[in-house]
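Asks: Data: data.cif, mmCIF, C-alpha atoms.
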data_structure
#
loop_
_atom_site.label_atom_id
_atom_site.label_comp_id
_atom_site.auth_asym_id
_atom_site.auth_seq_id
_atom_site.Cartn_x
_atom_site.Cartn_y
_atom_site.Cartn_z
CA MET A 1 -38.01 -12.94 26.31
CA MET A 2 -34.92 -13.34 24.11
CA ASN A 3 -34.40 -11.31 20.93
CA LYS A 4 -35.59 -13.91 18.40
CA GLU A 5 -34.94 -11.76 15.31
CA ALA A 6 -31.21 -11.53 15.97
CA GLY A 7 -30.82 -14.95 17.60
CA PRO A 8 -29.89 -17.08 14.55
CA PHE A 9 -27.33 -14.50 13.42
CA ILE A 10 -25.76 -14.35 16.89
CA ASN A 11 -25.44 -18.14 16.93
CA ALA A 12 -23.77 -18.09 13.50
CA ARG A 13 -21.25 -15.46 14.65
CA ILE A 14 -20.38 -17.52 17.72
CA GLU A 15 -19.79 -20.60 15.56
CA LYS A 16 -17.53 -18.65 13.21
CA LEU A 17 -15.46 -17.44 16.17
CA ARG A 18 -15.23 -21.02 17.47
CA LEU A 19 -13.76 -22.06 14.12
CA ALA A 20 -11.16 -19.30 14.38
CA MET A 21 -10.42 -20.31 17.97
CA GLY A 22 -9.88 -23.92 16.94
CA GLU A 23 -7.42 -22.86 14.26
CA LYS A 24 -5.40 -20.94 16.88
CA ASN A 25 -5.59 -23.71 19.50
CA ILE A 26 -7.76 -21.58 21.82
CA ASP A 27 -10.48 -23.34 23.81
CA THR A 28 -11.98 -20.36 25.71
CA ALA A 29 -12.47 -16.72 24.70
CA ILE A 30 -13.43 -13.89 27.04
CA ILE A 31 -15.01 -11.01 25.07
CA ALA A 32 -15.01 -7.68 26.93
CA ARG A 33 -15.05 -4.77 24.43
CA PRO A 34 -18.64 -3.42 24.58
CA GLU A 35 -19.13 -3.48 20.79
CA ASN A 36 -17.89 -7.07 20.62
CA VAL A 37 -20.00 -8.16 23.58
CA PHE A 38 -22.96 -6.84 21.61
CA TYR A 39 -21.79 -8.56 18.41
CA PHE A 40 -21.88 -11.95 20.10
CA SER A 41 -24.94 -11.39 22.32
CA ASN A 42 -27.08 -8.52 20.97
CA PHE A 43 -26.96 -7.02 24.47
CA ASN A 44 -25.82 -3.44 25.03
CA PRO A 45 -25.67 -2.35 28.69
CA ILE A 46 -25.26 1.23 27.35
CA ILE A 47 -23.16 2.23 30.35
CA ASN A 48 -20.26 -0.03 31.27
CA SER A 49 -19.45 0.96 34.84
CA HIS A 50 -20.06 -2.75 35.50
CA PRO A 51 -18.54 -4.61 32.51
CA ALA A 52 -20.44 -7.23 30.56
CA TYR A 53 -18.69 -10.26 29.07
CA VAL A 54 -19.39 -12.97 26.55
CA ILE A 55 -17.53 -16.19 27.31
CA ILE A 56 -17.25 -18.56 24.36
CA SER A 57 -15.91 -22.08 24.81
CA LEU A 58 -15.37 -24.88 22.34
CA LYS A 59 -17.11 -27.33 24.66
CA GLN A 60 -19.78 -25.31 26.50
CA ASP A 61 -22.68 -23.07 25.54
CA ALA A 62 -21.81 -19.39 25.16
CA CYS A 63 -22.45 -17.36 28.29
CA LEU A 64 -23.37 -13.71 28.78
CA LEU A 65 -22.04 -12.52 32.14
CA VAL A 66 -23.48 -9.25 33.46
CA HIS A 67 -23.81 -7.39 36.73
CA CYS A 68 -27.00 -8.13 38.66
CA ILE A 69 -28.38 -4.68 37.85
CA ARG A 70 -28.38 -5.64 34.13
CA ASN A 71 -30.20 -8.96 34.62
CA ASP A 72 -33.63 -8.01 33.27
CA HIS A 73 -32.18 -5.95 30.41
CA ALA A 74 -29.87 -8.79 29.33
CA ARG A 75 -32.61 -11.42 29.40
CA MET A 76 -35.18 -9.24 27.62
CA GLU A 77 -33.01 -7.84 24.83
CA GLY A 78 -30.05 -10.19 24.50
CA SER A 79 -29.91 -13.26 22.26
CA VAL A 80 -27.81 -15.56 24.46
CA GLU A 81 -29.90 -17.91 26.58
CA ASN A 82 -27.21 -18.60 29.21
CA VAL A 83 -27.12 -15.38 31.26
CA GLN A 84 -25.05 -15.42 34.47
CA LEU A 85 -24.62 -12.71 37.09
CA TYR A 86 -22.07 -11.13 39.37
CA GLY A 87 -22.38 -8.41 41.99
CA LYS A 88 -25.36 -7.54 44.18
CA TRP A 89 -28.69 -5.96 43.23
CA GLY A 90 -32.07 -6.83 44.67
CA ALA A 91 -32.98 -10.51 44.87
CA ASN A 92 -30.90 -11.58 41.87
CA VAL A 93 -28.61 -14.53 42.61
CA ALA A 94 -24.98 -14.06 41.48
CA LEU A 95 -22.06 -16.39 41.00
CA ALA A 96 -19.74 -14.04 42.87
CA MET A 97 -19.48 -10.44 44.00
CA HIS A 98 -16.75 -9.52 41.51
CA ASP A 99 -16.61 -10.14 37.76
CA ILE A 100 -13.28 -12.00 37.65
CA ASP A 101 -14.39 -14.29 40.48
CA ALA A 102 -17.58 -15.04 38.54
CA ILE A 103 -15.54 -15.87 35.41
CA ALA A 104 -13.41 -18.21 37.52
CA ALA A 105 -16.54 -19.89 38.88
CA LEU A 106 -17.79 -20.45 35.33
CA LEU A 107 -14.53 -21.83 33.96
CA GLY A 108 -13.36 -23.86 36.93
CA ASP A 109 -9.84 -25.10 37.71
CA SER A 110 -9.04 -27.02 34.53
CA PRO A 111 -6.21 -25.67 32.35
CA ILE A 112 -7.48 -23.50 29.50
CA ARG A 113 -5.94 -21.93 26.42
CA LEU A 114 -7.36 -18.43 26.65
CA GLY A 115 -8.22 -15.88 23.97
CA VAL A 116 -8.64 -12.17 24.83
CA GLU A 117 -8.93 -8.91 22.90
CA GLY A 118 -5.34 -7.73 22.98
CA ASP A 119 -6.25 -4.21 21.88
CA TYR A 120 -8.75 -3.80 24.72
CA ALA A 121 -7.66 -5.90 27.72
CA SER A 122 -5.73 -3.80 30.24
CA VAL A 123 -2.62 -4.98 32.03
CA ASN A 124 -4.43 -4.90 35.37
CA TRP A 125 -7.39 -6.89 34.00
CA LEU A 126 -5.07 -9.53 32.54
CA LYS A 127 -3.20 -9.81 35.84
CA ALA A 128 -6.50 -10.35 37.66
CA VAL A 129 -7.64 -12.97 35.14
CA HIS A 130 -4.38 -14.89 35.37
CA SER A 131 -4.48 -14.79 39.15
CA LYS A 132 -7.88 -16.53 39.16
CA LEU A 133 -7.78 -18.81 36.10
CA ASN A 134 -5.60 -21.75 35.18
CA ALA A 135 -4.64 -20.24 31.83
CA ALA A 136 -1.87 -22.30 30.28
CA ASP A 137 -1.59 -19.90 27.34
CA THR A 138 -3.12 -16.57 26.30
CA SER A 139 -3.61 -15.43 22.68
CA ASP A 140 -4.90 -12.28 21.05
CA ILE A 141 -8.21 -12.72 19.18
CA ALA A 142 -8.93 -9.04 18.43
CA GLY A 143 -7.89 -9.39 14.79
CA ASP A 144 -9.98 -12.53 14.33
CA ILE A 145 -13.07 -10.68 15.57
CA GLU A 146 -12.33 -7.72 13.29
CA MET A 147 -12.15 -10.01 10.27
CA LEU A 148 -15.52 -11.55 11.20
CA LYS A 149 -17.14 -8.13 11.61
CA ILE A 150 -16.15 -6.74 8.20
CA ILE A 151 -18.67 -9.05 6.48
CA LYS A 152 -22.13 -7.97 7.62
CA ASP A 153 -24.98 -10.47 7.84
CA ALA A 154 -28.55 -9.76 6.76
CA TYR A 155 -29.60 -8.59 10.22
CA GLU A 156 -26.74 -6.09 10.43
CA ILE A 157 -27.38 -4.77 6.92
CA GLY A 158 -31.06 -4.31 7.75
CA CYS A 159 -30.16 -2.20 10.78
CA ILE A 160 -27.66 -0.10 8.81
CA ARG A 161 -30.30 0.55 6.12
CA LYS A 162 -32.56 2.03 8.79
CA SER A 163 -29.71 4.11 10.19
CA ALA A 164 -28.99 5.36 6.67
CA ALA A 165 -32.56 6.66 6.36
CA LEU A 166 -32.08 8.56 9.62
CA VAL A 167 -28.81 10.23 8.62
CA ASP A 168 -30.27 11.21 5.26
CA CYS A 169 -33.08 12.90 7.15
CA GLY A 170 -30.67 14.67 9.50
CA VAL A 171 -28.35 16.07 6.83
CA GLU A 172 -31.11 17.02 4.40
CA THR A 173 -33.04 18.81 7.16
CA ALA A 174 -29.93 20.74 8.20
CA ILE A 175 -29.23 21.80 4.61
CA GLY A 176 -32.84 22.95 4.20
CA CYS A 177 -32.62 25.01 7.39
CA LEU A 178 -29.35 26.62 6.30
CA ASP A 179 -30.93 27.46 2.96
CA ALA A 180 -33.84 29.07 4.80
CA GLY A 181 -31.52 31.31 6.83
CA ALA A 182 -30.79 29.41 10.04
CA HIS A 183 -27.37 29.45 11.65
CA GLU A 184 -25.42 26.21 11.84
CA ALA A 185 -26.30 25.28 15.43
CA ALA A 186 -30.03 25.80 14.86
CA ALA A 187 -29.92 23.82 11.61
CA CYS A 188 -28.24 20.90 13.39
CA THR A 189 -30.72 20.98 16.26
CA GLU A 190 -33.60 20.83 13.80
CA GLY A 191 -31.91 17.96 11.97
CA GLN A 192 -31.62 15.95 15.19
CA TYR A 193 -35.23 16.71 16.07
CA ARG A 194 -36.45 15.44 12.71
CA MET A 195 -34.31 12.30 13.09
CA ARG A 196 -35.90 11.62 16.45
CA GLU A 197 -39.37 12.11 14.93
CA MET A 198 -38.53 9.62 12.18
CA TRP A 199 -37.28 7.12 14.77
CA HIS A 200 -40.54 7.47 16.70
CA GLU A 201 -42.58 7.05 13.54
CA ARG A 202 -40.70 4.17 11.88
CA PHE A 203 -38.07 2.50 14.04
CA GLN A 204 -39.07 2.76 17.69
CA ASP A 205 -38.78 -1.01 18.19
CA TYR A 206 -35.00 -0.55 17.93
CA GLU A 207 -32.68 1.21 20.35
CA VAL A 208 -30.72 4.19 19.07
CA SER A 209 -28.17 3.82 21.86
CA GLY A 210 -24.44 3.71 21.29
CA PHE A 211 -21.75 2.02 23.34
CA GLY A 212 -20.85 3.84 26.52
CA SER A 213 -17.75 3.77 28.66
CA SER A 214 -17.20 3.12 32.34
CA GLU A 215 -17.87 6.81 32.94
CA GLY A 216 -20.83 7.63 30.74
CA ALA A 217 -23.61 6.38 28.50
CA GLN A 218 -24.66 7.06 24.92
CA VAL A 219 -28.41 6.72 25.19
CA ASP A 220 -29.13 8.74 22.04
CA SER A 221 -26.84 8.39 19.01
CA LEU A 222 -28.86 10.62 16.66
CA ALA A 223 -26.34 13.33 15.87
CA VAL A 224 -26.09 16.19 13.37
CA TRP A 225 -23.28 18.71 13.42
CA SER A 226 -21.74 21.16 10.98
CA MET A 227 -18.65 23.26 10.43
CA ALA A 228 -17.88 26.04 7.97
CA ASN A 229 -14.74 27.09 6.13
CA GLU A 230 -11.48 26.62 8.07
CA ARG A 231 -13.31 24.88 10.93
CA ILE A 232 -13.97 21.97 8.54
CA ALA A 233 -10.29 21.11 9.06
CA TYR A 234 -11.09 20.34 12.72
CA GLY A 235 -12.68 17.11 11.47
CA CYS A 236 -15.25 16.97 14.26
CA ASP A 237 -16.47 19.81 16.43
CA CYS A 238 -19.62 21.39 17.82
CA PRO A 239 -21.67 23.58 15.48
CA GLN A 240 -21.69 27.28 16.25
CA ALA A 241 -24.26 30.04 15.91
CA TYR A 242 -22.70 31.05 12.61
CA PHE A 243 -24.74 32.33 9.66
CA PRO A 244 -23.01 31.25 6.42
CA VAL A 245 -22.35 33.99 3.86
CA ALA A 246 -21.67 34.01 0.14
CA GLY A 247 -18.53 32.11 -0.82
CA ASP A 248 -18.57 29.86 2.25
CA LEU A 249 -18.21 26.11 2.33
CA VAL A 250 -20.34 24.37 4.94
CA LEU A 251 -20.20 20.69 5.87
CA PRO A 252 -23.29 19.23 7.62
CA MET A 253 -22.72 15.68 8.91
CA SER A 254 -24.79 13.02 10.65
CA TRP A 255 -24.39 9.71 12.46
CA ALA A 256 -27.19 7.49 13.70
CA ARG A 257 -27.59 3.98 15.09
CA ILE A 258 -30.41 1.49 14.87
CA GLY A 259 -30.04 -1.63 17.00
CA GLY A 260 -26.38 -0.80 17.58
CA TYR A 261 -25.43 -0.32 13.92
CA ALA A 262 -24.34 3.03 12.53
CA ALA A 263 -24.53 4.87 9.23
CA GLU A 264 -22.90 8.15 8.17
CA ASN A 265 -23.85 10.95 5.80
CA GLU A 266 -21.83 14.10 5.05
CA ARG A 267 -22.51 16.72 2.38
CA SER A 268 -20.45 19.72 1.33
CA VAL A 269 -22.58 22.80 0.70
CA ALA A 270 -21.57 25.86 -1.29
CA VAL A 271 -23.15 29.17 -0.29
CA GLY A 272 -23.70 31.12 -3.48
CA GLU A 273 -20.69 31.35 -5.79
CA LEU A 274 -17.38 29.89 -4.62
CA ASP A 275 -13.98 31.37 -5.46
CA ALA A 276 -11.83 29.58 -8.04
CA LEU A 277 -9.81 27.52 -5.53
CA ARG A 278 -12.80 26.23 -3.58
CA ASN A 279 -14.69 25.55 -6.79
CA ARG A 280 -11.77 23.53 -8.15
CA ALA A 281 -11.57 21.56 -4.90
CA TYR A 282 -15.30 20.81 -4.96
CA ASP A 283 -15.12 19.58 -8.56
CA ALA A 284 -12.06 17.46 -7.73
CA MET A 285 -13.93 15.87 -4.83
CA LEU A 286 -16.81 14.90 -7.11
CA GLY A 287 -14.35 13.56 -9.66
CA ALA A 288 -12.48 11.53 -7.03
CA ARG A 289 -15.75 9.91 -6.00
CA GLU A 290 -16.53 8.98 -9.60
CA ALA A 291 -13.09 7.41 -10.02
CA LEU A 292 -13.47 5.44 -6.79
CA PHE A 293 -16.94 4.15 -7.60
CA ALA A 294 -15.74 3.09 -11.05
CA VAL A 295 -13.52 0.40 -9.47
CA LEU A 296 -15.74 -0.49 -6.48
CA ARG A 297 -16.68 -4.13 -6.95
CA PRO A 298 -15.96 -7.50 -5.30
CA GLY A 299 -12.33 -8.52 -5.71
CA THR A 300 -10.91 -4.98 -5.78
CA PRO A 301 -8.33 -4.27 -3.04
CA PHE A 302 -9.23 -1.40 -0.70
CA GLU A 303 -5.96 0.24 -1.70
CA GLU A 304 -7.11 0.53 -5.31
CA LEU A 305 -10.13 2.59 -4.26
CA TYR A 306 -7.84 5.00 -2.42
CA LEU A 307 -5.33 5.32 -5.24
CA ALA A 308 -8.05 5.95 -7.83
CA ALA A 309 -9.40 8.87 -5.80
CA MET A 310 -5.98 10.30 -4.99
CA LYS A 311 -5.02 10.35 -8.69
CA VAL A 312 -7.85 12.80 -9.33
CA PHE A 313 -6.78 15.03 -6.43
CA GLU A 314 -3.17 15.00 -7.61
CA ASP A 315 -4.15 15.87 -11.17
CA ALA A 316 -6.22 18.78 -9.83
CA GLY A 317 -3.19 20.19 -7.98
CA PHE A 318 -3.96 19.11 -4.40
CA SER A 319 -1.02 16.75 -3.79
CA SER A 320 0.07 18.67 -0.68
CA ILE A 321 -3.17 18.03 1.26
CA LEU A 322 -4.09 14.46 0.33
CA PRO A 323 -6.08 12.62 3.03
CA GLY A 324 -4.62 9.53 4.67
CA ARG A 325 -7.75 7.59 3.83
CA CYS A 326 -10.90 8.15 1.81
CA GLY A 327 -13.33 6.01 3.78
CA HIS A 328 -13.63 3.62 6.69
CA GLY A 329 -15.54 0.60 7.83
CA ILE A 330 -18.75 1.28 9.70
CA GLY A 331 -21.08 -0.87 11.76
CA LEU A 332 -20.93 -1.28 15.52
CA SER A 333 -18.26 1.45 15.50
CA THR A 334 -18.66 4.65 13.54
CA HIS A 335 -15.03 4.24 12.45
CA GLU A 336 -14.53 0.52 12.08
CA PHE A 337 -11.82 -1.68 10.53
CA PRO A 338 -10.73 -1.47 7.74
CA SER A 339 -9.77 1.88 6.19
CA LEU A 340 -9.72 2.78 2.51
CA THR A 341 -6.05 3.64 2.44
CA SER A 342 -2.75 2.94 0.74
CA GLY A 343 -1.30 -0.44 1.70
CA ASN A 344 -4.63 -2.11 2.52
CA LYS A 345 -4.54 -5.19 0.29
CA ILE A 346 -7.78 -6.72 1.64
CA ARG A 347 -10.11 -7.39 -1.28
CA LEU A 348 -13.73 -6.30 -1.30
CA LYS A 349 -16.33 -8.98 -0.62
CA PRO A 350 -20.13 -8.87 -0.71
CA GLY A 351 -21.50 -7.87 2.68
CA MET A 352 -18.78 -5.33 3.49
CA VAL A 353 -20.12 -1.92 4.56
CA PHE A 354 -17.96 1.21 4.63
CA THR A 355 -18.04 4.92 3.90
CA VAL A 356 -16.86 6.47 0.65
CA GLU A 357 -15.59 9.96 1.41
CA PRO A 358 -12.60 11.18 -0.60
CA GLY A 359 -12.15 14.72 0.64
CA LEU A 360 -9.79 17.62 1.04
CA MET A 361 -9.25 19.61 4.24
CA THR A 362 -7.00 22.53 5.07
CA LYS A 363 -7.09 25.32 7.62
CA ASP A 364 -6.39 27.76 4.80
CA TRP A 365 -9.73 27.54 2.96
CA GLY A 366 -11.78 24.77 4.60
CA GLY A 367 -12.69 21.48 3.03
CA VAL A 368 -14.96 19.47 0.76
CA ARG A 369 -16.33 15.98 1.31
CA HIS A 370 -19.45 13.98 0.54
CA SER A 371 -19.66 10.80 2.63
CA ASP A 372 -21.96 7.92 1.70
CA THR A 373 -22.47 4.61 3.49
CA VAL A 374 -21.99 1.84 0.92
CA LEU A 375 -22.71 -1.90 0.81
CA VAL A 376 -20.65 -4.22 -1.43
CA THR A 377 -22.96 -6.54 -3.39
CA GLU A 378 -22.40 -9.51 -5.67
CA ALA A 379 -22.79 -7.24 -8.69
CA GLY A 380 -20.94 -4.19 -7.40
CA TYR A 381 -22.24 -1.88 -4.71
CA GLU A 382 -25.37 -0.29 -3.26
CA LEU A 383 -25.53 3.21 -1.85
CA LEU A 384 -27.36 2.95 1.47
CA THR A 385 -27.44 6.72 1.96
CA GLN A 386 -29.58 8.41 -0.66
CA SER A 387 -28.95 12.18 -0.40
CA ARG A 388 -28.06 14.04 -3.59
CA ARG A 389 -24.46 13.57 -4.69
CA ASP A 390 -23.81 16.50 -7.03
CA LYS A 391 -22.68 20.03 -6.17
CA ILE A 392 -25.07 21.34 -3.52
CA THR A 393 -25.57 25.11 -3.50
CA ILE A 394 -27.73 27.21 -1.20
CA LYS A 395 -28.51 30.88 -1.48
CA GLN A 396 -27.12 33.62 0.69
CA CYS A 397 -30.00 34.79 2.82
CA ALA A 398 -30.64 38.20 4.33
CA TYR A 399 -29.50 37.49 7.92
CA ARG A 400 -30.21 39.65 10.89
#
Represent the structure from my file as structure tokens, please.
Replies:
Amino acid sequence: MMNKEAGPFINARIEKLRLAMGEKNIDTAIIARPENVFYFSNFNPIINSHPAYVIISLKQDACLLVHCIRNDHARMEGSVENVQLYGKWGANVALAMHDIDAIAALLGDSPIRLGVEGDYASVNWLKAVHSKLNAADTSDIAGDIEMLKIIKDAYEIGCIRKSAALVDCGVETAIGCLDAGAHEAAACTEGQYRMREMWHERFQDYEVSGFGSSEGAQVDSLAVWSMANERIAYGCDCPQAYFPVAGDLVLPMSWARIGGYAAENERSVAVGELDALRNRAYDAMLGAREALFAVLRPGTPFEELYLAAMKVFEDAGFSSILPGRCGHGIGLSTHEFPSLTSGNKIRLKPGMVFTVEPGLMTKDWGGVRHSDTVLVTEAGYELLTQSRRDKITIKQCAYR
């Protein structure tokens, strides 16, 4: 039973890659990065100890090649009809025992002009491919795939909308728990629990899995974590059993995936009254967001968004701790191409999805950042995350 909802979108993505291949004189592409395999097949093996591949040719139907153990999963949840196997598991019939031999069996002895993901293919893998295939030429197609992925189709946007509802739930629950007197770790645990409840209630037809490695899986991508004060400068770390006190800055954050597609929500929280420096930084962060959103529309270069936000930070006296970017693409990766940074001349187009998060971080006093997941529309933009965007203050509770 193929995934019929995603099927037409998968076919359109394959055709767009074929056009790019034709322009680069490539007749066969081997897709191996797990996120990209999913992009062109809607199949996520979750753990990649046995790699999955999508093989796209100008003259043959696209093929999803998986290990025999993934056969049922690939046929039930993928959107590519031509599923082929390698390895040994049960009664499943494979093309070959090893993946490269199976690719060779599919492609035959004829000379091919090969496209691979240059930022993912290892030297050893390329040597093995060239030892088995008659590859007259090999080109890098990683950049072509990135450029396809930055414009999201309706199916992708629908999944990200659902993920956005989950991260709103996670962050807002964590903030409520902190306000009620919980320590950071407990607040994050409760946020994740409420996200899982929402998934069960509203989105259980979709996986919340991420993309694993050869060593491990990401079965559950519903995450909430938080850091306070100078630990905000870590960028990403486990929450601790810390009870915030008056004057603290706390940063609850959340990621979630629906059907492979991620959203992000981050909110800076002030505990009681902040000192003058932290208060000035918080206000500058809100002002930088306003300046960025004022120029966020189709046709604007990504660089302009960054420079608009940085001007506010500089005017507020924070030139020495400017961030290198103030947002990033998001979709099949939580940090996806491209970044909102200086030098990025790519212009915004409807269908792009990225985070807006101009922030300040330093080990001296902590950091401030609200992060929203944003969709570029024909008229401007749409905020997919819906949590409050002003200064968020909680009370100092009587902790034990």
Asks: Give as a compact mmCIF listing (two decimals) with C-alpha atoms, in the frame of the given file the residues that the PyMOL selection byres ((chain A and resi 223-238) around 6) matches when applied to the coordinates above.
Replies:
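The result, written out as part_7.txt:
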# COMPACT_ATOMS: atom_id res chain seq x y z
CA CYS A 188 -28.24 20.90 13.39
CA GLN A 192 -31.62 15.95 15.19
CA SER A 221 -26.84 8.39 19.01
CA LEU A 222 -28.86 10.62 16.66
CA PRO A 239 -21.67 23.58 15.48
CA LEU A 249 -18.21 26.11 2.33
CA VAL A 250 -20.34 24.37 4.94
CA LEU A 251 -20.20 20.69 5.87
CA PRO A 252 -23.29 19.23 7.62
CA MET A 253 -22.72 15.68 8.91
CA SER A 254 -24.79 13.02 10.65
CA TRP A 255 -24.39 9.71 12.46
CA MET A 361 -9.25 19.61 4.24
CA THR A 362 -7.00 22.53 5.07
CA LYS A 363 -7.09 25.32 7.62
CA TRP A 365 -9.73 27.54 2.96
CA GLY A 366 -11.78 24.77 4.60
CA GLY A 367 -12.69 21.48 3.03
Asks: Would you pick out the contacts of A:Lys349 at 10 Å or less, using all atoms listed in the file, so that residues sharing its chain but fewer than 4 positions from it are not included, and give the list as a PyMOL selection string?
Replies: chain A and resi 150-151+297-301+353+375-378+380
Asks: As a list in words, please: the residues near A:Val66 (cut-off 7 Å, only C-alpha atoms, same-chain neighbours under 4 positions excluded).
Replies: Pro51, Ala52, Tyr53, Arg70, Asn71, Gln84, Leu85 and Tyr86 of chain A
Asks: Using only C-alpha atoms, please write the residues we just selected to a file, as a short mmCIF file (atom, residue, chain, number, x, y, z; two decimals), in the frame of the given file.
Replies:
data_model
loop_
_atom_site.label_atom_id
_atom_site.label_comp_id
_atom_site.auth_asym_id
_atom_site.auth_seq_id
_atom_site.Cartn_x
_atom_site.Cartn_y
_atom_site.Cartn_z
CA PRO A 51 -18.54 -4.61 32.51
CA ALA A 52 -20.44 -7.23 30.56
CA TYR A 53 -18.69 -10.26 29.07
CA ARG A 70 -28.38 -5.64 34.13
CA ASN A 71 -30.20 -8.96 34.62
CA GLN A 84 -25.05 -15.42 34.47
CA LEU A 85 -24.62 -12.71 37.09
CA TYR A 86 -22.07 -11.13 39.37
#
Asks: Quick one: residues within 12 Å of A:Arg113, only C-alpha atoms, excluding same-chain residues fewer than 3 positions away - as a ChimeraX atom specification?
Replies: /A:21-22,24-30,56-58,107,110,116,130,133-141
Asks: With distances taken over all atoms listed in the file, which of A:Ala309, A:Ile100, A:Arg388, A:Leu178 is nearest to A:Trp125?
Replies: A:Ile100
Asks: Which residues of stretch 266-360 of chain A sit at most 12 Å from stretch 198-213 of chain A, using all atoms listed in the file? Give each one's shortest atom pair and distance in Å (one decimal place), in chain and ascending residue order, as a tab-separated table.
Replies:
residue	atom	partner	partner_atom	distance
A:Gly331	CA	A:Gly210	CA	11.1
A:Leu332	CA	A:Gly210	CA	8.4
A:Ser333	CA	A:Phe211	CA	8.6
A:Thr334	CA	A:Gly210	CA	9.7
Asks: Nearest to A:Asn11 among A:Val80, A:Ile321, A:Ala104, A:Ile46, with distances taken over all atoms listed in the file: which residue is it?
Replies: A:Val80
Asks: Once the PyMOL selection byres ((chain A and resi 184) around 6) has been applied to the shown file, what residues remain in the selection, as a list in words?
Replies: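 Here the PyMOL selection byres ((chain A and resi 184) around 6) matches His183, Ala185, Ala186, Ala187, Pro239, Gln240, Ala241 and Tyr242 of chain A.
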Asks: Record the distance separating atom CA of A:Ile258 and atom CA of A:Asp61, expressed in Å with one decimal.
Replies: 27.9 Å
Asks: What do you get, as a PDB file with C-alpha atoms, in the coordinates of the input, if you spell out every residue that the PyMOL selection byres ((chain A and resi 215) around 9) selects here?
Replies:
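Writing the result to result-v9.pdb gives the following:
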ATOM      1  CA  ILE A  47     -23.160   2.230  30.350  1.00  0.00           C
ATOM      2  CA  ASN A  48     -20.260  -0.030  31.270  1.00  0.00           C
ATOM      3  CA  SER A  49     -19.450   0.960  34.840  1.00  0.00           C
ATOM      4  CA  GLY A 212     -20.850   3.840  26.520  1.00  0.00           C
ATOM      5  CA  SER A 213     -17.750   3.770  28.660  1.00  0.00           C
ATOM      6  CA  SER A 214     -17.200   3.120  32.340  1.00  0.00           C
ATOM      7  CA  GLY A 216     -20.830   7.630  30.740  1.00  0.00           C
ATOM      8  CA  ALA A 217     -23.610   6.380  28.500  1.00  0.00           C
TER       9      ALA A 217
END
Asks: Would you mind listing what lies within 10 Å of A:Lys162 as a list in words, with all atoms listed in the file counted and same-chain residues fewer than 2 positions away left out?
Replies: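 Counting only the stated atoms, we get Ile157, Gly158, Cys159, Ile160, Ala164, Ala165, Leu166, Val167, Trp199, Arg202, Phe203, Tyr206, Ala256, Arg257, Ile258, Gly259, Tyr261, Ala262, Ala263, Leu384 and Thr385 of chain A.
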Asks: What lies within 8 Å of A:Val312 using all atoms listed in the file, ignoring chain neighbours under 4 positions off, as number ranges by chain?
Replies: A: 284, 287-288, 291, 308, 316
Asks: Starting from 6 Å padding per side, set up an axis-aligned box that covers all listed atoms of stretch 336-354 of chain A and hand over centre and edge lengths in Å, one decimal, as lines of an AutoDock Vina configuration file.
Replies:
center_x = -11.4
center_y = -2.7
center_z = 5.4
size_x = 32.2
size_y = 24.6
size_z = 25.4
Asks: Find the distance between atom CA of A:Asp283 and atom CA of A:Glu314 and write it in Å to one decimal.
Replies: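 Taking atom CA of A:Asp283 and atom CA of A:Glu314, their separation equals 12.8 Å.
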Asks: Out of A:Leu286, A:Lys311, A:Ala379, A:Asp101, which residue has the shortest atom-to-atom distance to A:Val356 when counting all atoms listed in the file?
Replies: A:Leu286
Asks: Have a look at A:Asp168, A:Glu197, A:Asp220, A:Asp179 and name the one nearest to A:Val245; count only C-alpha atoms.
Replies: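 Counting only C-alpha atoms, the residue closest to A:Val245 is A:Asp179.
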Asks: Just how far from atom CA of A:Ala102 is atom CA of A:His50, in Å to one decimal?
Replies: 12.9 Å
Asks: For A:Cys169, which residue among A:Ile69, A:Met195, A:Ala142, A:Cys326 is the nearest when counting all atoms listed in the file?
Replies: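 Closest to A:Cys169 of all the choices is A:Met195.
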Asks: Between A:Glu303, A:Asn265, A:Gly115, A:Tyr155, which is the closest to A:Glu23 once you count only C-alpha atoms?
Replies: A:Gly115
